[in-house]
file protein38.txt (compact mmCIF, C-alpha atoms)
# COMPACT_ATOMS: atom_id res chain seq x y z
CA MET A 232 36.81 104.85 76.05
CA GLN A 233 37.20 106.77 72.78
CA LEU A 234 38.65 110.13 71.81
CA LEU A 235 36.64 111.60 68.94
CA LEU A 236 36.71 114.58 66.62
CA LYS A 237 33.02 115.29 66.11
CA ASN A 238 31.72 111.81 65.16
CA VAL A 239 35.04 110.40 64.00
CA PRO A 240 36.91 108.13 66.47
CA LEU A 241 40.59 109.09 66.60
CA MET A 242 41.80 106.83 69.38
CA GLU A 243 40.59 103.98 71.55
CA ILE A 244 41.75 103.68 75.15
CA HIS A 245 41.41 100.13 76.42
CA ALA A 246 40.83 99.09 80.04
CA THR A 247 44.44 97.93 80.14
CA GLY A 248 45.61 101.48 79.39
CA GLU A 249 46.64 100.66 75.83
CA CYS A 250 46.04 103.53 73.40
CA VAL A 251 45.17 102.49 69.86
CA ILE A 252 45.47 105.33 67.35
CA LEU A 253 42.89 105.30 64.56
CA ASP A 254 43.55 108.67 62.88
CA PHE A 255 46.97 110.14 63.70
CA ASP A 256 46.75 113.22 61.48
CA ARG A 257 43.75 114.66 63.31
CA LEU A 258 44.73 113.89 66.87
CA PRO A 259 45.23 116.87 69.21
CA PHE A 260 48.73 118.23 68.58
CA ALA A 261 49.88 117.29 72.08
CA LEU A 262 49.04 113.64 71.34
CA ARG A 263 50.65 113.35 67.91
CA ARG A 264 53.53 111.20 69.08
CA GLU A 265 55.08 108.02 67.79
CA SER A 266 54.52 106.35 71.15
CA LEU A 267 51.44 107.29 73.17
CA SER A 268 50.62 106.11 76.69
CA PHE A 269 47.55 106.37 78.89
CA VAL A 270 49.47 108.83 81.05
CA ASP A 271 49.92 111.08 78.00
CA PHE A 272 46.18 110.92 77.35
CA MET A 273 45.33 111.65 80.99
CA GLU A 274 47.64 114.66 80.99
CA TRP A 275 46.06 116.04 77.82
CA ALA A 276 42.54 115.51 79.17
CA SER A 277 43.36 117.01 82.56
CA ASN A 278 44.86 120.12 80.96
CA ARG A 279 41.55 120.77 79.20
CA THR A 280 39.74 121.56 82.42
CA LEU A 281 39.62 124.81 84.35
CA SER A 282 42.36 125.58 86.83
CA ILE A 283 41.41 125.71 90.50
CA GLY A 284 43.00 129.19 90.46
CA ARG A 285 40.26 130.56 88.21
CA SER A 286 37.83 132.91 89.93
CA PHE A 287 34.87 130.92 91.29
CA ALA A 288 36.36 127.60 90.18
CA LYS A 289 35.60 126.08 93.57
CA GLU A 290 32.02 127.31 93.39
CA ILE A 291 31.56 125.84 89.90
CA LEU A 292 32.95 122.47 90.97
CA ASN A 293 30.97 122.44 94.22
CA THR A 294 27.75 123.23 92.37
CA LEU A 295 28.32 120.28 90.05
CA ARG A 296 29.61 118.06 92.89
CA LEU A 297 32.92 117.49 91.15
CA SER A 298 36.40 116.96 92.51
CA GLN A 299 38.60 119.99 93.14
CA ASN A 300 41.85 118.04 92.76
CA ASN A 301 41.14 115.41 90.10
CA ARG A 302 41.06 117.27 86.80
CA PHE A 303 40.88 114.05 84.78
CA ALA A 304 37.65 113.11 86.58
CA VAL A 305 36.26 116.56 85.81
CA CYS A 306 37.15 116.12 82.15
CA ARG A 307 35.38 112.76 81.98
CA ALA A 308 32.30 114.20 83.69
CA CYS A 309 31.85 116.83 80.96
CA ARG A 310 33.05 114.51 78.14
CA GLY A 311 36.01 116.85 77.67
CA LEU A 312 33.79 119.10 75.56
CA SER A 313 35.24 122.53 74.84
CA LEU A 314 34.48 125.53 72.65
CA GLU A 315 38.12 125.67 71.54
CA ASP A 316 37.81 122.59 69.35
CA ALA A 317 35.60 119.63 68.41
CA TYR A 318 37.36 116.93 70.44
CA TRP A 319 35.48 114.96 73.06
CA ILE A 320 35.62 111.76 75.11
CA ARG A 321 33.02 109.00 74.93
CA GLN A 322 33.11 106.35 77.62
CA GLU A 323 31.87 102.79 77.37
CA GLY A 324 28.08 102.68 77.44
CA ASP A 325 27.72 106.26 76.20
CA GLU A 326 25.60 106.17 73.02
CA ALA A 327 25.57 109.92 72.40
CA ALA A 328 26.50 111.45 69.05
CA TRP A 329 28.27 114.78 68.43
CA GLU A 330 25.01 116.40 67.32
CA GLU A 331 23.47 115.67 70.73
CA VAL A 332 26.29 116.89 72.95
CA ASN A 333 28.36 119.57 71.22
CA LEU A 334 28.53 122.97 72.87
CA PHE A 335 28.36 124.95 69.64
CA HIS A 336 24.63 124.33 69.07
CA ASN A 337 23.04 122.63 72.08
CA ALA A 338 21.44 124.45 74.99
CA LEU A 339 23.86 125.25 77.81
CA SER A 340 23.13 125.04 81.53
CA LEU A 341 22.75 128.75 82.33
CA TYR A 342 22.73 128.31 86.10
CA ILE A 343 26.43 127.41 85.81
CA THR A 344 27.03 130.69 83.97
CA GLU A 345 25.57 132.50 86.98
CA VAL A 346 28.01 130.68 89.24
CA SER A 347 30.88 131.48 86.86
CA LEU A 348 30.21 135.22 86.80
CA SER A 349 28.77 135.90 90.23
CA GLY A 350 30.17 133.14 92.41
CA ARG A 351 26.71 132.28 93.68
CA ASN A 352 26.99 128.77 95.11
CA VAL A 353 23.85 126.83 94.31
CA VAL A 354 22.77 123.21 94.67
CA HIS A 355 21.42 121.78 91.44
CA ARG A 356 20.69 118.12 90.92
CA GLU A 357 19.14 118.24 87.46
CA THR A 358 22.14 116.41 85.96
CA GLU A 359 22.09 113.78 88.70
CA ARG A 360 18.36 113.12 88.32
CA SER A 361 18.36 112.91 84.55
CA GLY A 362 21.40 110.67 84.37
CA GLN A 363 22.91 112.91 81.72
CA ARG A 364 26.45 114.21 81.77
CA ILE A 365 27.15 117.91 82.17
CA LEU A 366 26.72 120.20 79.17
CA THR A 367 28.62 123.40 79.87
CA PRO A 368 31.75 125.09 78.49
CA GLU A 369 32.65 126.50 81.90
CA LEU A 370 34.59 123.38 82.92
CA THR A 371 36.95 123.66 79.95
CA THR A 372 37.36 127.44 79.70
CA GLN A 373 40.84 128.50 80.74
CA GLY A 374 42.11 131.69 82.37
CA ALA A 375 42.03 133.20 85.84
CA SER A 376 39.38 135.92 85.61
CA ALA A 377 35.69 135.38 86.26
CA LYS A 378 33.93 134.59 82.99
CA GLY A 379 30.93 132.87 81.48
CA TRP A 380 29.51 131.91 78.09
CA ILE A 381 26.14 133.27 76.96
CA ARG A 382 24.37 132.43 73.71
CA GLN A 383 23.00 135.50 71.97
CA LYS A 384 21.05 135.89 68.72
CA ASP A 385 24.18 136.02 66.57
CA GLY A 386 26.26 133.43 68.38
CA LEU A 387 28.11 132.57 71.57
CA TYR A 388 29.89 135.28 73.56
CA LEU A 389 32.38 135.04 76.40
CA HIS A 390 31.66 137.63 79.08
CA LYS A 391 34.53 138.25 81.47
CA VAL A 392 35.87 140.66 84.05
CA GLY A 393 38.58 142.68 82.31
CA LYS A 394 38.19 146.40 81.65
CA TYR A 395 41.61 146.71 79.99
CA GLU A 396 40.36 144.67 77.05
CA ILE A 397 38.58 147.84 75.90
CA PRO A 398 41.60 150.17 75.53
CA ALA A 399 43.74 147.31 74.21
CA ASP A 400 41.12 146.67 71.53
CA ALA A 401 41.16 150.36 70.55
CA VAL A 402 44.96 150.47 70.23
CA LEU A 403 45.21 147.24 68.23
CA GLU A 404 42.41 148.41 65.95
CA ALA A 405 44.25 151.69 65.29
CA LEU A 406 47.45 149.79 64.50
CA ASP A 407 45.60 147.34 62.23
CA ILE A 408 46.92 144.33 64.14
CA PRO A 409 44.53 141.34 63.85
CA HIS A 410 42.79 140.75 67.17
CA ILE A 411 39.58 139.49 68.71
CA ARG A 412 37.19 142.40 69.26
CA TYR A 413 36.00 143.27 72.77
CA THR A 414 33.07 145.47 73.77
CA LEU A 415 31.34 146.22 77.05
CA SER A 416 28.70 143.74 78.16
CA SER A 417 25.24 145.24 78.59
CA GLU A 418 23.06 144.90 81.68
CA THR A 419 20.37 143.28 79.54
CA GLU A 420 22.73 140.52 78.44
CA LEU A 421 23.76 139.81 82.02
CA SER A 422 20.42 140.31 83.77
CA PHE A 423 19.88 136.63 84.54
CA CYS A 424 23.38 135.76 85.73
CA LEU A 425 24.86 138.82 87.45
CA THR A 426 23.69 139.29 91.02
CA ARG A 427 23.18 142.76 92.46
CA ASP A 428 25.95 142.24 95.00
CA ARG A 429 28.34 141.20 92.27
CA LYS A 430 27.47 144.23 90.13
CA GLU A 431 27.96 146.56 93.09
CA TRP A 432 31.35 144.98 93.77
CA LEU A 433 32.47 145.44 90.17
CA ASP A 434 31.36 149.07 90.20
CA GLY A 435 33.06 149.63 93.55
CA VAL A 436 36.47 148.39 92.39
CA GLY A 437 36.25 150.14 89.02
CA GLU A 438 36.09 146.92 87.02
CA ALA A 439 33.85 146.07 84.07
CA LEU A 440 32.46 143.06 82.26
CA VAL A 441 33.42 142.81 78.60
CA LYS A 442 32.45 140.37 75.88
CA SER A 443 34.02 138.78 72.82
CA LYS A 444 32.43 136.54 70.22
CA LEU A 445 33.47 132.91 69.92
CA PHE A 446 36.23 132.68 67.30
CA THR A 447 36.15 128.93 66.72
CA THR A 448 33.58 126.79 64.92
CA GLU A 449 32.78 123.10 64.53
CA ASP A 450 35.19 123.09 61.59
CA ARG A 451 37.90 125.46 62.84
CA ALA A 452 39.73 124.78 66.10
CA PHE A 453 42.15 126.75 68.22
CA VAL A 454 45.53 125.16 68.96
CA THR A 455 47.42 126.79 71.81
CA PHE A 456 51.14 127.39 71.50
CA GLU A 457 51.51 125.13 74.53
CA GLU A 458 50.08 122.17 72.60
CA PHE A 459 52.00 123.12 69.48
CA SER A 460 55.27 123.24 71.41
CA LEU A 461 54.65 119.77 72.88
CA PHE A 462 54.29 118.46 69.35
CA CYS A 463 57.48 120.23 68.25
CA ASP A 464 59.42 118.93 71.25
CA ALA A 465 58.40 115.37 70.40
CA TYR A 466 60.02 115.71 66.97
CA GLY A 467 63.06 117.81 67.86
CA LEU A 468 61.68 121.01 66.32
CA ASP A 469 62.09 124.56 67.61
CA ALA A 470 58.51 125.66 68.32
CA TYR A 471 59.31 129.37 68.04
CA GLU A 472 60.98 128.98 64.67
CA GLU A 473 58.09 126.83 63.45
CA ALA A 474 55.58 129.44 64.66
CA ALA A 475 57.41 132.18 62.78
CA GLN A 476 57.36 130.10 59.60
CA ILE A 477 53.58 129.70 59.80
CA ASP A 478 53.08 133.48 59.57
CA ARG A 479 56.15 135.58 60.24
CA ARG A 480 54.33 138.89 60.06
CA ALA A 481 51.67 137.83 62.59
CA TYR A 482 54.35 136.43 64.87
CA LEU A 483 56.37 139.67 64.82
CA GLN A 484 53.30 141.88 65.15
CA MET A 485 52.56 140.07 68.40
CA GLN A 486 55.96 141.14 69.76
CA ILE A 487 55.21 144.76 68.89
CA ALA A 488 51.67 144.66 70.27
CA ASP A 489 52.77 143.17 73.59
CA TYR A 490 55.38 145.88 74.13
CA ILE A 491 53.11 148.76 73.13
CA LEU A 492 50.43 147.39 75.48
CA ASN A 493 52.97 146.27 78.11
CA ASN A 494 51.15 142.97 78.29
CA SER A 495 52.29 140.71 81.11
CA ASP A 496 50.12 137.69 80.28
CA ARG A 497 51.00 136.30 76.84
CA HIS A 498 51.64 132.81 78.23
CA GLU A 499 51.55 129.65 76.11
CA GLN A 500 47.77 129.26 76.30
CA ASN A 501 47.12 132.88 75.33
CA TRP A 502 48.25 132.66 71.72
CA GLY A 503 48.24 130.08 69.02
CA PHE A 504 46.84 128.95 65.70
CA TYR A 505 43.75 127.91 63.79
CA MET A 506 43.42 124.26 62.73
CA ASP A 507 41.19 122.86 60.00
CA ASN A 508 39.27 119.98 61.55
CA LYS A 509 38.88 118.20 58.22
CA THR A 510 42.63 117.89 57.64
CA GLY A 511 44.16 118.41 61.08
CA ARG A 512 46.46 121.04 59.58
CA ILE A 513 47.27 124.47 60.96
CA THR A 514 45.96 127.22 58.69
CA GLY A 515 47.43 130.32 60.33
CA PHE A 516 47.71 132.44 63.46
CA CYS A 517 44.69 133.09 65.62
CA PRO A 518 44.10 136.85 66.08
CA LEU A 519 45.43 138.20 69.37
CA PHE A 520 43.18 137.99 72.41
CA ASP A 521 43.12 138.27 76.21
CA HIS A 522 44.64 141.63 77.19
CA ASP A 523 43.12 142.15 80.63
CA HIS A 524 46.65 142.13 82.08
CA ALA A 525 47.92 144.78 79.67
CA PHE A 526 49.18 148.21 80.75
CA SER A 527 51.25 146.69 83.54
CA MET A 528 52.91 149.03 86.03
CA TYR A 529 56.24 147.18 85.64
CA PRO A 530 58.48 148.77 83.00
CA GLU A 531 60.74 145.89 81.87
CA LEU A 532 58.66 142.76 81.43
CA TYR A 533 60.16 139.67 79.84
CA SER A 534 58.73 138.26 76.63
CA GLN A 535 56.95 134.89 76.77
CA THR A 536 56.74 134.46 73.00
CA VAL A 537 60.41 134.20 72.00
CA ARG A 538 62.94 131.42 72.57
CA ASP A 539 65.76 133.64 73.82
CA GLU A 540 65.57 135.49 77.12
CA MET A 541 64.73 139.09 76.29
CA THR A 542 62.41 141.84 77.41
CA LEU A 543 59.24 142.84 75.63
CA PHE A 544 61.13 145.91 74.45
CA GLN A 545 64.03 143.93 73.01
CA ALA A 546 61.68 141.53 71.22
CA ALA A 547 59.64 144.43 69.84
CA VAL A 548 62.75 146.26 68.58
CA ARG A 549 63.87 143.15 66.71
CA ALA A 550 60.40 142.78 65.20
CA GLN A 551 60.02 146.45 64.30
CA LYS A 552 63.41 146.59 62.57
CA GLU A 553 62.12 143.93 60.22
CA LEU A 554 58.49 145.01 59.78
CA GLN A 555 58.85 148.80 60.02
CA MET A 556 55.20 149.09 61.00
CA ASP A 557 53.53 152.48 60.87
CA LEU A 558 52.71 153.20 64.52
CA ASP A 559 51.75 156.85 64.07
CA ALA A 560 48.02 156.06 64.19
CA VAL A 561 48.33 155.90 67.97
CA ASP A 562 49.16 159.63 68.02
CA GLN A 563 45.84 160.40 66.32
CA MET A 564 43.81 158.56 68.97
CA GLU A 565 42.01 160.03 71.92
CA ARG A 566 42.87 158.45 75.23
CA PRO A 567 40.81 155.22 75.35
CA ALA A 568 38.26 154.46 78.04
CA PHE A 569 39.54 152.93 81.30
CA LEU A 570 43.10 154.22 80.79
CA SER A 571 44.41 156.85 83.18
CA GLU A 572 46.41 159.76 81.79
CA ARG A 573 49.53 158.22 83.27
CA LYS A 574 49.01 154.85 81.58
CA TRP A 575 48.23 156.56 78.27
CA ASP A 576 51.37 158.69 78.50
CA GLU A 577 53.40 155.56 79.27
CA LEU A 578 51.96 153.84 76.19
CA LEU A 579 52.89 156.80 73.97
CA ALA A 580 56.37 156.84 75.48
CA ARG A 581 56.79 153.13 74.73
CA LYS A 582 55.72 153.71 71.14
CA ASN A 583 58.23 156.53 70.70
CA ARG A 584 61.00 154.55 72.38
CA LEU A 585 60.37 151.65 70.03
CA LEU A 586 60.54 153.87 66.96
CA LEU A 587 63.72 155.57 68.18
CA GLU A 588 65.49 152.29 68.80
CA SER A 589 64.33 150.56 65.62
CA GLY A 590 65.55 153.10 63.06
CA ARG A 591 63.12 155.99 62.98
CA GLY A 592 64.89 158.16 65.51
CA ALA A 593 65.38 161.06 63.13
CA VAL A 594 61.65 161.21 62.38
CA ILE A 595 60.74 161.25 66.06
CA LEU A 596 63.32 163.90 66.90
CA GLU A 597 61.97 166.16 64.15
CA LYS A 598 58.48 165.85 65.60
CA CYS A 599 59.78 166.70 69.03
call {"tool": "encode", "arguments": {"input": "protein38.txt", "output": "structure tokens"}}
result
Amino acid sequence: MQLLLKNVPLMEIHATGECVILDFDRLPFALRRESLSFVDFMEWASNRTLSIGRSFAKEILNTLRLSQNNRFAVCRACRGLSLEDAYWIRQEGDEAAWEEVNLFHNALSLYITEVSLSGRNVVHRETERSGQRILTPELTTQGASAKGWIRQKDGLYLHKVGKYEIPADAVLEALDIPHIRYTLSSETELSFCLTRDRKEWLDGVGEALVKSKLFTTEDRAFVTFEEFSLFCDAYGLDAYEEAAQIDRRAYLQMQIADYILNNSDRHEQNWGFYMDNKTGRITGFCPLFDHDHAFSMYPELYSQTVRDEMTLFQAAVRAQKELQMDLDAVDQMERPAFLSERKWDELLARKNRLLLESGRGAVILEKC
């Protein structure tokens, strides 16, 4: 078995379990260790696959006749192919090349997208009959909400359930904080994969499907903070300090954004960095994404992006004292779509509280 980056073998895994590293500098960050075991490789590969807690995960796995409790087997079945990076697994006897199997350019199995978005459990034996392995990004797309990848004329888009992406996008755009753009999915785009029952359910609960364009390429990968922190731990480094050194402004802006949005879901897979596939080096922060759990009803959430235990508010105050960002653009906005008056008022109150606590109290009081 081999682990490759595009067509370049990075590591060989022998039948004995021995891992032979061929190109250390371009290994996945979680595997860049002085001593690497088969267990380490299995853990990395297993973590690439979807969680059973994702909406319709069981239906996806049932449709493809894959195990619901053996994530390593799932990873092998889809060659570990992902749209987050250009790594993949080639087993003995597999003669395929990157150009034949990569998800960035090859046709995807759209019936799996229908399962991913609508939960429609189908039986499909095309893969079994042809003897080919599965070619879909749905098995390696993380997150809990229902989602599916669709190729459009100008590229690949992730469509997902998450109406709060729309107001979060509007606020971040007004504040000029780098982020992945989200717009509403159209009925035309979803006509082949969204069942009528599913659409009626979404309308009934007041939810919406939104889309964002793929932000990685064959040459630019996404490295989660989770993987980055595993690398740092292996070498006795403080992952949070290292992240701040990569781009301090981006790191601190994230603290401010999460408090303004009251985002409860900035876990270690929901932020990270870009990596150049040619060198294996991190080139900067990835723009912020995944805000469908923003605008939480709970007032004092704890930050997931700082080393010390502190609330989103405390982390944002520390960041704002250093950056002194201009947050007044929020006051010029109209209330964004999908936000109730109460949630909008709470957002404005958080913005004012942050400015008061971080050194602009006199300005706010004058306005009041």
call {"tool": "atom_distance", "arguments": {"input": "protein38.txt", "atom1": "atom CA of A:Phe446", "atom2": "atom CA of A:Phe520"}}
result
10.1 Å
call {"tool": "residues_around", "arguments": {"input": "protein38.txt", "residues": "stretch 276-288 of chain A", "least_positions_apart": "5", "cutoff": "10 Å", "atoms": "all atoms listed in the file", "output": "ChimeraX atom specification"}}
result
/A:234,270-271,293-294,299-307,309-313,315,319-320,346-352,368-378,392
call {"tool": "atom_distance", "arguments": {"input": "protein38.txt", "atom1": "atom CA of A:Lys552", "atom2": "atom CA of A:Tyr395"}}
result
27.9 Å
call {"tool": "closest_atom_pairs", "arguments": {"input": "protein38.txt", "of": "stretch 316-407 of chain A", "to": "stretch 558-581 of chain A", "cutoff": "8 Å", "atoms": "all atoms listed in the file", "output": "tab-separated table"}}
result
residue	atom	partner	partner_atom	distance
A:Lys394	CA	A:Phe569	CA	6.7
A:Tyr395	CA	A:Phe569	CA	6.7
A:Ile397	CA	A:Ala568	CA	7.0
A:Pro398	CA	A:Pro567	CA	5.1
A:Ala401	CA	A:Pro567	CA	6.8
A:Val402	CA	A:Val561	CA	6.8
A:Ala405	CA	A:Ala560	CA	5.9
A:Leu406	CA	A:Leu558	CA	6.3
call {"tool": "residues_around", "arguments": {"input": "protein38.txt", "residues": "A:Leu492", "least_positions_apart": "4", "cutoff": "8 Å", "atoms": "only C-alpha atoms", "output": "list in words"}}
result
Ala399, Ala488, Ala525, Phe526 and Leu578 of chain A
call {"tool": "write_last_selection", "arguments": {"input": "protein38.txt", "atoms": "C-alpha atoms", "output": "PDB file, in the frame of the given file"}}
result
ATOM      1  CA  ALA A 399      43.740 147.310  74.210  1.00  0.00           C
ATOM      2  CA  ALA A 488      51.670 144.660  70.270  1.00  0.00           C
ATOM      3  CA  ALA A 525      47.920 144.780  79.670  1.00  0.00           C
ATOM      4  CA  PHE A 526      49.180 148.210  80.750  1.00  0.00           C
ATOM      5  CA  LEU A 578      51.960 153.840  76.190  1.00  0.00           C
TER       6      LEU A 578
END
call {"tool": "residues_near_point", "arguments": {"input": "protein38.txt", "point": "(58.2, 150.0, 58.8)", "cutoff": "12 Å", "atoms": "all atoms listed in the file", "output": "ChimeraX atom specification"}}
result
/A:480,484,487,548-559,585-586,589-591
call {"tool": "closest_residue", "arguments": {"input": "protein38.txt", "among": "A:Asp256, A:Glu330, A:Glu472, A:Glu243", "to": "A:Glu449", "atoms": "all atoms listed in the file"}}
result
A:Glu330
call {"tool": "atom_distance", "arguments": {"input": "protein38.txt", "atom1": "atom CA of A:Arg429", "atom2": "atom CA of A:Asp523"}}
result
18.8 Å
call {"tool": "closest_residue", "arguments": {"input": "protein38.txt", "among": "A:Asn494, A:Thr542, A:Gln383, A:Ser422", "to": "A:Glu396", "atoms": "only C-alpha atoms"}}
result
A:Asn494
call {"tool": "closest_residue", "arguments": {"input": "protein38.txt", "among": "A:Trp275, A:Phe516, A:Trp380, A:Trp502", "to": "A:Ala475", "atoms": "only C-alpha atoms"}}
result
A:Phe516
call {"tool": "residues_around", "arguments": {"input": "protein38.txt", "residues": "stretch 251-255 of chain A", "least_positions_apart": "5", "cutoff": "10 Å", "atoms": "all atoms listed in the file", "output": "ChimeraX atom specification"}}
result
/A:233-236,239-245,260,262-268,511
call {"tool": "write_last_selection", "arguments": {"input": "protein38.txt", "atoms": "C-alpha atoms", "output": "short mmCIF file (atom, residue, chain, number, x, y, z; two decimals), in the coordinates of the input"}}
result
data_model
loop_
_atom_site.label_atom_id
_atom_site.label_comp_id
_atom_site.auth_asym_id
_atom_site.auth_seq_id
_atom_site.Cartn_x
_atom_site.Cartn_y
_atom_site.Cartn_z
CA GLN A 233 37.20 106.77 72.78
CA LEU A 234 38.65 110.13 71.81
CA LEU A 235 36.64 111.60 68.94
CA LEU A 236 36.71 114.58 66.62
CA VAL A 239 35.04 110.40 64.00
CA PRO A 240 36.91 108.13 66.47
CA LEU A 241 40.59 109.09 66.60
CA MET A 242 41.80 106.83 69.38
CA GLU A 243 40.59 103.98 71.55
CA ILE A 244 41.75 103.68 75.15
CA HIS A 245 41.41 100.13 76.42
CA PHE A 260 48.73 118.23 68.58
CA LEU A 262 49.04 113.64 71.34
CA ARG A 263 50.65 113.35 67.91
CA ARG A 264 53.53 111.20 69.08
CA GLU A 265 55.08 108.02 67.79
CA SER A 266 54.52 106.35 71.15
CA LEU A 267 51.44 107.29 73.17
CA SER A 268 50.62 106.11 76.69
CA GLY A 511 44.16 118.41 61.08
#
